[in-house]
Structure formats: C-alpha cells, structure tokens
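Asker: Below you will find the structure I want to go over with you.
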Protein chains: 2
Amino acid sequence: MAGTRVTISDVAREAGVSIATVSRVMQGRVSVSAELAERVRAVAQRLGYRPNPVARGLATGETGMVGVLVPELDNPHYHEVIKAIAAGAELQGYRMLILESEGRSADEPDLAASLYDHADGVILCSPRMPDDSLRRLAVDRPRLLCVNRLPTGIGIPFVAFDSYSPMLEICGLLGRLGHRRVAYLSGPMDSWANTERWRAVSQAAAFGLEPAFIPAGYTIDTGYDAVDEALRSGATALIAANDLCAIGALSRLRDRGVRVPQDLSLTGFDDIAFARRTVPPLTTARVPRHELGAQAWRLMQSVLAGEPALLDRPLLSAEVIVRESIGPLPPT
Amino acid sequence: MAGTRVTISDVAREAGVSIATVSRVMQGRVSVSAELAERVRAVAQRLGYRPNPVARGLATGETGMVGVLVPELDNPHYHEVIKAIAAGAELQGYRMLILESEGRSADEPDLAASLYDHADGVILCSPRMPDDSLRRLAVDRPRLLCVNRLPTGIGIPFVAFDSYSPMLEICGLLGRLGHRRVAYLSGPMDSWANTERWRAVSQAAAFGLEPAFIPAGYTIDTGYDAVDEALRSGATALIAANDLCAIGALSRLRDRGVRVPQDLSLTGFDDIAFARRTVPPLTTARVPRHELGAQAWRLMQSVLAGEPALLDRPLLSAEVIVRESIGPLPPT
DNA sequence: TTGTATGCGTTATCAG
DNA sequence: CTGATAACGCATACAA
C-alpha cells in the first residue's frame, strides 16, 4: 500500500462526523441524511479516500476475492473459462486470484489451501489431485467448486462438460471413413477429461476400431514428440487429447512429409482459436468454455451465499467440428 | 474464509502460551526457546492453524501480493512474462493478482488503482493509458513499475525491450529480397511497442521501402480482416504488428489463394509458440519474455524494498528469427 | 525468553 | 439518524 494512505478517520475528522457515519456513507445502503451523506462523499472524494479492503476484510470476514486454480495458463482453453468467470465476478465487485499448478498435481492441495487463505471461495479448474485430497480439501474448506471434473461421491459442487460423447462421435467419423488402426495421443492420466476421452476411444473398439494408446501430453511439444511412436503403431488416424497436442503432432507430421489428411487423419479437442487456422484446419470438438465459466460463477455465487448447491447437474455438451484434417483411409 | 477458522488465540490457549509467542514462532526468526517453539509448532500443526493473511496484512501494512495488469490474457506473449514474474514472486512468498484491461486503455487507471488496494506493488504490462494518467498514478502510488513501455520523463521504473531495431532488420531483409511496397498491419496506436514498430517501418522508407499503414490490431481476427485492404495497397510483403495478427493474416491469405512466400511475404513479431508451427513457419522477432518477467520481478523487489530504482536501464534486445514465410519479390 | 498491551482500518452493535 | 466502542486476527513495542 502507499506510504500515507487516507483512512476513514481522516475523512471523518475533515467532515466533522464520526467514522461510523463515513462507513455508512461508503456502503451506500444504510440510513444517513442526504445532506450529510453528500458532504461526506465530497470530502472523501477530495481527499481521494479509498476504503482499505484489507481492513474491511478483517472486519467482515470476507475478502471479495475468488481463487482460481488452473493446471496451466499456457493453454488458451482456460483463458475463456477464466474470462467468463471474471466477467461475472467483476459485476459483483469480486476480484480473481489466479494460480497455476503447472501440471504438478501434487502441489494442487497446497496451492488451493493458499488460495483459501486469501479468497472467499475457490474454483478448481480441471484439478488432477486424487479424490482423497479433494475430499480432504472439501471438508475443512466448504466454499469450493470444481470445473471440468466430476468429483463423484465427494460432495463438491461442479460444472463440467461431456468429453465422452463427442470423442465417441469422432471415432465414429473415422470409422466411417474406413480407419481401423487409430492412435490416441493421451494427455496426463490424472486428468479427468483425458481419461474420459480415452475411455471413449478404447470403447470404440466395440465398433471395429483398433486403438493404440500413446502417452503424450497436453502441450504442443508433447504432441510433436509423440508422433513417431504413434506412426510405429501403424495408425492411419491420430486422435489427440487436445488441440495443442494435435498442433504439435501436425508440425511433426509436416516435418516428416506425412500429408494430412491424404496420408493420415488427425483430430484435436477443445477448438481453441488456433485450431481453425492450422493447415489443414483441425477437426475437433468445441467445448462450451464461456458457458462453463459463466455457470461456474453462478455456482460460486450460490456457494458463497451458503445455498446448498445441487450436486447432480447435467454435463454441458461439446460439439464436434469437422474440418479438413480428416479424410478417407488412404489406399495401401 | 471457512466458517470456524483456527486463530492464533486457539493455538496459544492450547499450547499454554501467549499469542505473542505463537506469533514469534510462526515467523520463525525471533527468539523463542527451542523447546517451546517445538511445542507451539506441534499444536499449530495439530489444529491445522494457518495464519490469516488478511489480519497479518492489516497489522504489517503489507499484503504479500503483487498486482499485474495486462492488456489481454489471450495473447500467449503475456503468459511467459507473467510466468516469469510469478516464478520469482513465489520464491519469496508473494502471490500475483492478475487483472486484464481487455485493451480498454481508459479503464487502466481504475484497474491499476484497484490492484493497488490489494497489493504491495503493481506491475503494468504494456500499459496503453496516456502519459498523464501514468504520471498521476505514479504520484500517489509509488510502488509501480512498467513492463514494455518507456515511461519517459515520468520517473517510473521500467523494463522493456527494443522493438525498433529488429523491426528495422526485418525491413532490411525484405528490402534485400527485392520488396518495395510493404504494408504494416498495425496494432493499437496507444501501444508503445506498436508505435515503435511502425516507426521502424516508416523510417525504412529511407532505404527505399514504400510502407503503407494498415490499421489492424493485435489479434488473429483483426489480422484476418486487414488483409484485403493491405493487398489493395499493392504490397508484396505484409509486416504484422505481432504474431497473432500475422497468423490471422496467413489464414486469410490462404483463403484467398495467395501463397506465402511465393506470392507474398509475411512477418510477425513476438515469436509465440505457434509461430513456428504455422504453414509456412513465421519469420518473426523473438522477444526475451522470460528475461522481461525475471527482471521485472527483480525490479519490483527493489521497489518494494524502497530502494531508489535506476530509471535509466538499457532495453533488452529481441532477435529476428528467419523462417519460411518470407521470400524474394515474385516476378511480375 | 516470554507476556501484556496497543494499533492496524473497517464493520457492526448498541446507545442516544 | 448519529456517535461511541467493541470486535476482527495478527504483529510488535514495551515490560517483566
């Protein structure tokens, strides 16, 4: 804070009233004679008084902040979610405290606890910590909610979208194009979204697909690096866990002279802005990011209000976007 | 905060000591007998005591937070800067409060002031507000610094990189490739980096280049939309204000069937991760983002320590990265 | 080394 | 409608 801050007492003294009155005026709602209120406001204005949120926080027990924990800030996917949350939060005078776990799921409980210290409520975006940790966190810190993870049987409110169905749909598309051997470029296995996506791919075996599981990751570089192994599996289509991974894969494929989609099909997931600008544009699934964030904030509101959140809400749905990165099985 | 929080008094009572002792133990440094300290720690641990940062903040006058204001969170460029700041900050127990102005430079002073309310110091990333506002801000809020803007004559510490030289170098490259008519796809004119880049392009006229100024923006979409006008100018090379803009332009060019670099050359600026994955990969300038963030934090440290920051520091330099998006002037 | 007491800037409860 | 004054949880100067 600045060196010599103007405090409520300064305003009170200058206006010739008690600090209680100033406090009332600043809060707007309570009963103060119009004339007095005006005078106080004028003085406050002139002195450049701004209520100290720290002091207010101590007095009210509320910080006016919501904490948000994301796995990585690099992924554009989270920006829109964060943006949507912030849009709602700002409208009600809340600020967001953003923390990034950089994929280290072991650090998540600590980071979340730290957010708790500063914020009234915490939103966990795609948390990867085990159920147990999540449960422990929820017990002593009730104002918690999850985005994009189903904390089943833990009693934490959540908002999430369905990854399974669109991924199954993608598999169906590839199947109808004649593909059999496909490779799933997997993200981290502690990511709920990833396991859901892999579940869909592996279950597509029931429809004749032969999926290979290739460990990769959620980033451009991991996608790039996973391509060689994926090709060794004999796959004619690569199903990336997300768009970043697909973009990396695309780059490696180009380096190797493999044409997409003529020689090989490729899909992503998320539909980040860049996905439609790649060459060729990516077939992917459009995740309702804005809706996710908007609902998250609404949910947080009711959590903050102490309302019992319904723990049984439907999953949002993601829409498959077909672009030019997939094509028929090339003749052998 | 949680409903029933464990306070310092709880620990004191349980351990049979005064709160002062507990306070001392929690801070680690001050003199407390080893035995007592151990007992207090044990009790604190058992009770799950975590010092309330709000109360501590009120007592010490420090919040343990640094505020960071960025124009837009969407631009990957800022992530690394933020990340580097956070890396340093975290090491010293500071948290970052991130706010986004979404390009509305008029809102920046308010947002910055709001950050001030919650944080010990504020870092303005590429602020676009006019010098006057910046000056006003600096007067009553001394713990301020700018990243990527030269607050000349305002007395605000800063760390920035040189956009002018690499841009001039890019112009030189294009000139040697035979290009004459070039179009600068401009970002916002209140962005210091943008005006520096345009300054370089326009001064390249001295070397025979004929630059057209095309208003665009810093985003993929604005780059996309600006292409048509740029082509009407008769340019054989497009110089985008940043990579996002270039990526958008590339997409539009592809839609129009204009081949890069055979028919037209294109450059970006920043060298975000995507820049090397486009088709063709972008010629651009690699900005020392990490260094920018790291230095920013170091600077903030000295600002927080009340040390007089030197206001005359050299600009960091950005390196031109030549990739396949530029080529010789096509024969007419 | 330890405890007591005061203050940090607000809010909120109670009297007037 | 307004003014004292007690919290809020912690740090710290001062005493012991």
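All residue names refer to the structure tokens as shown: chains lettered A, B, ... in order, residues numbered from 1 in each chain, ligands numbered from 1 in order.
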Residues of chain B within 7 Å of chain A, using only C-alpha atoms, as number ranges by chain?

Answerer: B: 1-2, 52-55, 57-58, 61-62, 73-74, 76, 79, 97-98, 116-120, 141-142, 251, 277-279

Asker: Mind writing the picked residues with C-alpha atoms as a tab-separated table (two decimals), in the first residue's frame?

Answerer:
chain	number	residue	atom	x	y	z
B	1	MET	CA	-12.75	-17.98	4.62
B	2	ALA	CA	-14.01	-21.13	6.24
B	52	ASN	CA	-4.72	-15.28	8.46
B	53	PRO	CA	-3.03	-13.19	5.79
B	54	VAL	CA	-5.72	-10.55	5.98
B	55	ALA	CA	-5.13	-9.91	9.66
B	57	GLY	CA	-1.79	-7.66	6.29
B	58	LEU	CA	-3.62	-5.19	8.44
B	61	GLY	CA	0.63	-2.97	6.20
B	62	GLU	CA	1.76	-5.49	3.64
B	73	LEU	CA	-4.80	-12.59	-21.32
B	74	ASP	CA	-5.43	-14.19	-24.71
B	76	PRO	CA	0.42	-16.04	-25.29
B	79	HIS	CA	1.86	-15.74	-20.30
B	97	LEU	CA	-3.18	-10.64	-8.56
B	98	ILE	CA	-3.80	-10.57	-12.29
B	116	TYR	CA	-3.15	-1.07	-5.51
B	117	ASP	CA	-5.86	-1.58	-2.95
B	118	HIS	CA	-4.97	-5.21	-2.67
B	119	ALA	CA	-1.29	-5.39	-3.42
B	120	ASP	CA	2.02	-4.06	-2.17
B	141	ARG	CA	1.21	5.23	-5.66
B	142	PRO	CA	4.94	4.94	-5.64
B	251	SER	CA	-5.31	-17.63	-42.70
B	277	ARG	CA	4.06	-24.22	-36.28
B	278	THR	CA	2.24	-22.25	-38.92
B	279	VAL	CA	2.45	-23.15	-42.58

Asker: Do me a favour and pick out the residues of chain C within 8 Å of chain B, using only C-alpha atoms (C1' of nucleotides), as a short mmCIF file (atom, residue, chain, number, x, y, z; two decimals) with N, CA and C atoms (P, O5', C5', C4', C3', O3' and C1' of nucleotides), in the first residue's frame.

Answerer:
data_model
loop_
_atom_site.label_atom_id
_atom_site.label_comp_id
_atom_site.auth_asym_id
_atom_site.auth_seq_id
_atom_site.Cartn_x
_atom_site.Cartn_y
_atom_site.Cartn_z
P DT C 1 16.75 -16.07 23.67
"O5'" DT C 1 15.37 -16.62 24.26
"C5'" DT C 1 15.26 -17.78 25.01
"C4'" DT C 1 14.16 -17.52 26.01
"C3'" DT C 1 12.76 -17.63 25.41
"O3'" DT C 1 12.04 -18.58 26.16
"C1'" DT C 1 12.99 -15.62 26.65
P DT C 2 10.66 -19.07 25.70
"O5'" DT C 2 9.66 -17.96 26.21
"C5'" DT C 2 9.05 -18.11 27.48
"C4'" DT C 2 8.32 -16.85 27.84
"C3'" DT C 2 6.97 -16.67 27.16
"O3'" DT C 2 5.95 -17.10 28.03
"C1'" DT C 2 8.17 -14.63 27.48
P DG C 3 4.43 -16.98 27.55
"O5'" DG C 3 4.04 -15.52 28.10
"C5'" DG C 3 4.18 -15.24 29.47
"C4'" DG C 3 3.74 -13.82 29.76
"C3'" DG C 3 2.33 -13.48 29.28
"O3'" DG C 3 1.68 -12.69 30.27
"C1'" DG C 3 3.87 -11.96 28.34
P DG C 7 -2.87 2.70 21.01
"O5'" DG C 7 -2.64 2.27 19.49
"C5'" DG C 7 -1.31 2.07 19.01
"C4'" DG C 7 -1.38 1.40 17.64
"C3'" DG C 7 -2.53 1.91 16.77
"O3'" DG C 7 -2.05 2.13 15.45
"C1'" DG C 7 -2.69 -0.43 16.99
P DC C 8 -2.83 3.05 14.47
"O5'" DC C 8 -2.95 2.17 13.17
"C5'" DC C 8 -1.88 1.38 12.68
"C4'" DC C 8 -2.45 0.31 11.80
"C3'" DC C 8 -3.79 0.69 11.18
"O3'" DC C 8 -3.57 1.17 9.86
"C1'" DC C 8 -3.78 -1.58 12.02
P DG C 9 -4.20 2.59 9.47
"O5'" DG C 9 -5.63 2.16 8.93
"C5'" DG C 9 -5.71 1.33 7.79
"C4'" DG C 9 -7.12 0.84 7.61
"C3'" DG C 9 -8.17 1.95 7.54
"O3'" DG C 9 -9.05 1.61 6.51
"C1'" DG C 9 -8.73 0.42 9.25
#

Asker: Looking only at the backbone, which of the residues in segment 27-65 of chain A does DSSP tag as helix (DSSP H, G or I), as a PDB file with N, CA and C atoms, in the first residue's frame?

Answerer:
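selection-v4.pdb written:
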ATOM      1  N   GLN A  27     -20.832   2.640   2.354  1.00  0.00           N
ATOM      2  CA  GLN A  27     -21.537   1.414   2.000  1.00  0.00           C
ATOM      3  C   GLN A  27     -22.828   1.712   1.274  1.00  0.00           C
ATOM      4  N   ALA A  34     -29.439  12.742   3.693  1.00  0.00           N
ATOM      5  CA  ALA A  34     -28.930  13.028   2.354  1.00  0.00           C
ATOM      6  C   ALA A  34     -27.855  14.105   2.383  1.00  0.00           C
ATOM      7  N   GLU A  35     -28.119  15.121   3.150  1.00  0.00           N
ATOM      8  CA  GLU A  35     -27.201  16.257   3.205  1.00  0.00           C
ATOM      9  C   GLU A  35     -25.838  15.837   3.744  1.00  0.00           C
ATOM     10  N   LEU A  36     -25.901  15.137   4.876  1.00  0.00           N
ATOM     11  CA  LEU A  36     -24.660  14.679   5.492  1.00  0.00           C
ATOM     12  C   LEU A  36     -23.899  13.755   4.539  1.00  0.00           C
ATOM     13  N   ALA A  37     -24.633  12.844   3.973  1.00  0.00           N
ATOM     14  CA  ALA A  37     -24.025  11.876   3.061  1.00  0.00           C
ATOM     15  C   ALA A  37     -23.276  12.606   1.955  1.00  0.00           C
ATOM     16  N   GLU A  38     -23.933  13.629   1.418  1.00  0.00           N
ATOM     17  CA  GLU A  38     -23.330  14.381   0.335  1.00  0.00           C
ATOM     18  C   GLU A  38     -22.018  15.015   0.778  1.00  0.00           C
ATOM     19  N   ARG A  39     -22.054  15.599   1.970  1.00  0.00           N
ATOM     20  CA  ARG A  39     -20.855  16.271   2.483  1.00  0.00           C
ATOM     21  C   ARG A  39     -19.717  15.265   2.643  1.00  0.00           C
ATOM     22  N   VAL A  40     -20.052  14.141   3.237  1.00  0.00           N
ATOM     23  CA  VAL A  40     -19.036  13.109   3.452  1.00  0.00           C
ATOM     24  C   VAL A  40     -18.451  12.642   2.119  1.00  0.00           C
ATOM     25  N   ARG A  41     -19.340  12.410   1.183  1.00  0.00           N
ATOM     26  CA  ARG A  41     -18.882  11.949  -0.126  1.00  0.00           C
ATOM     27  C   ARG A  41     -17.922  12.961  -0.740  1.00  0.00           C
ATOM     28  N   ALA A  42     -18.280  14.223  -0.593  1.00  0.00           N
ATOM     29  CA  ALA A  42     -17.438  15.281  -1.159  1.00  0.00           C
ATOM     30  C   ALA A  42     -16.049  15.257  -0.543  1.00  0.00           C
ATOM     31  N   VAL A  43     -16.013  15.169   0.778  1.00  0.00           N
ATOM     32  CA  VAL A  43     -14.728  15.138   1.473  1.00  0.00           C
ATOM     33  C   VAL A  43     -13.911  13.920   1.041  1.00  0.00           C
ATOM     34  N   ALA A  44     -14.580  12.780   1.019  1.00  0.00           N
ATOM     35  CA  ALA A  44     -13.897  11.545   0.626  1.00  0.00           C
ATOM     36  C   ALA A  44     -13.292  11.707  -0.759  1.00  0.00           C
ATOM     37  N   GLN A  45     -14.091  12.248  -1.631  1.00  0.00           N
ATOM     38  CA  GLN A  45     -13.653  12.490  -2.999  1.00  0.00           C
ATOM     39  C   GLN A  45     -12.428  13.399  -3.018  1.00  0.00           C
ATOM     40  N   ARG A  46     -12.546  14.492  -2.294  1.00  0.00           N
ATOM     41  CA  ARG A  46     -11.475  15.487  -2.292  1.00  0.00           C
ATOM     42  C   ARG A  46     -10.176  14.897  -1.737  1.00  0.00           C
ATOM     43  N   LEU A  47     -10.324  14.087  -0.700  1.00  0.00           N
ATOM     44  CA  LEU A  47      -9.130  13.515  -0.082  1.00  0.00           C
ATOM     45  C   LEU A  47      -8.626  12.280  -0.848  1.00  0.00           C
ATOM     46  N   PRO A  53      -9.424  -2.457   1.626  1.00  0.00           N
ATOM     47  CA  PRO A  53     -10.077  -3.764   1.558  1.00  0.00           C
ATOM     48  C   PRO A  53      -9.522  -4.756   2.568  1.00  0.00           C
ATOM     49  N   VAL A  54      -8.301  -4.562   2.969  1.00  0.00           N
ATOM     50  CA  VAL A  54      -7.716  -5.481   3.945  1.00  0.00           C
ATOM     51  C   VAL A  54      -8.411  -5.310   5.294  1.00  0.00           C
ATOM     52  N   ALA A  55      -8.538  -4.061   5.701  1.00  0.00           N
ATOM     53  CA  ALA A  55      -9.214  -3.787   6.972  1.00  0.00           C
ATOM     54  C   ALA A  55     -10.665  -4.234   6.900  1.00  0.00           C
ATOM     55  N   ARG A  56     -11.282  -3.909   5.801  1.00  0.00           N
ATOM     56  CA  ARG A  56     -12.665  -4.327   5.627  1.00  0.00           C
ATOM     57  C   ARG A  56     -12.763  -5.847   5.691  1.00  0.00           C
ATOM     58  N   GLY A  57     -11.794  -6.488   5.073  1.00  0.00           N
ATOM     59  CA  GLY A  57     -11.780  -7.937   5.065  1.00  0.00           C
ATOM     60  C   GLY A  57     -11.696  -8.513   6.469  1.00  0.00           C
ATOM     61  N   LEU A  58     -10.889  -7.887   7.269  1.00  0.00           N
ATOM     62  CA  LEU A  58     -10.736  -8.380   8.636  1.00  0.00           C
ATOM     63  C   LEU A  58     -12.035  -8.194   9.412  1.00  0.00           C
ATOM     64  N   ALA A  59     -12.669  -7.065   9.172  1.00  0.00           N
ATOM     65  CA  ALA A  59     -13.897  -6.773   9.907  1.00  0.00           C
ATOM     66  C   ALA A  59     -15.063  -7.650   9.459  1.00  0.00           C
ATOM     67  N   THR A  60     -15.167  -7.854   8.171  1.00  0.00           N
ATOM     68  CA  THR A  60     -16.322  -8.598   7.658  1.00  0.00           C
ATOM     69  C   THR A  60     -16.074 -10.092   7.526  1.00  0.00           C
TER      70      THR A  60
END

Asker: Should the cut-off be 9 Å, what would the residue list for chain D against chain A look like, counting only C-alpha atoms (C1' of nucleotides), as a list in words?

Answerer: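 Interface list for chain D against chain A: DC1, DT2, DG3, DA4, DA7, DC8 and DG9 of chain D.
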
Asker: Which value, in Å to one decimal, gives the distance between atom CA of Leu124 of chain B and atom CA of Ala160 of chain B?

Answerer: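 So the two atoms, atom CA of Leu124 of chain B and atom CA of Ala160 of chain B, lie 11.4 Å apart.
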
Asker: When you look at Glu210 of chain B with a cut-off of 7 Å (counting only C-alpha atoms (C1' of nucleotides)), what residues show up, excluding the ones that are within fewer than 3 positions of it in the same chain? I need them as number ranges by chain.

Answerer: B: 180-182, 205
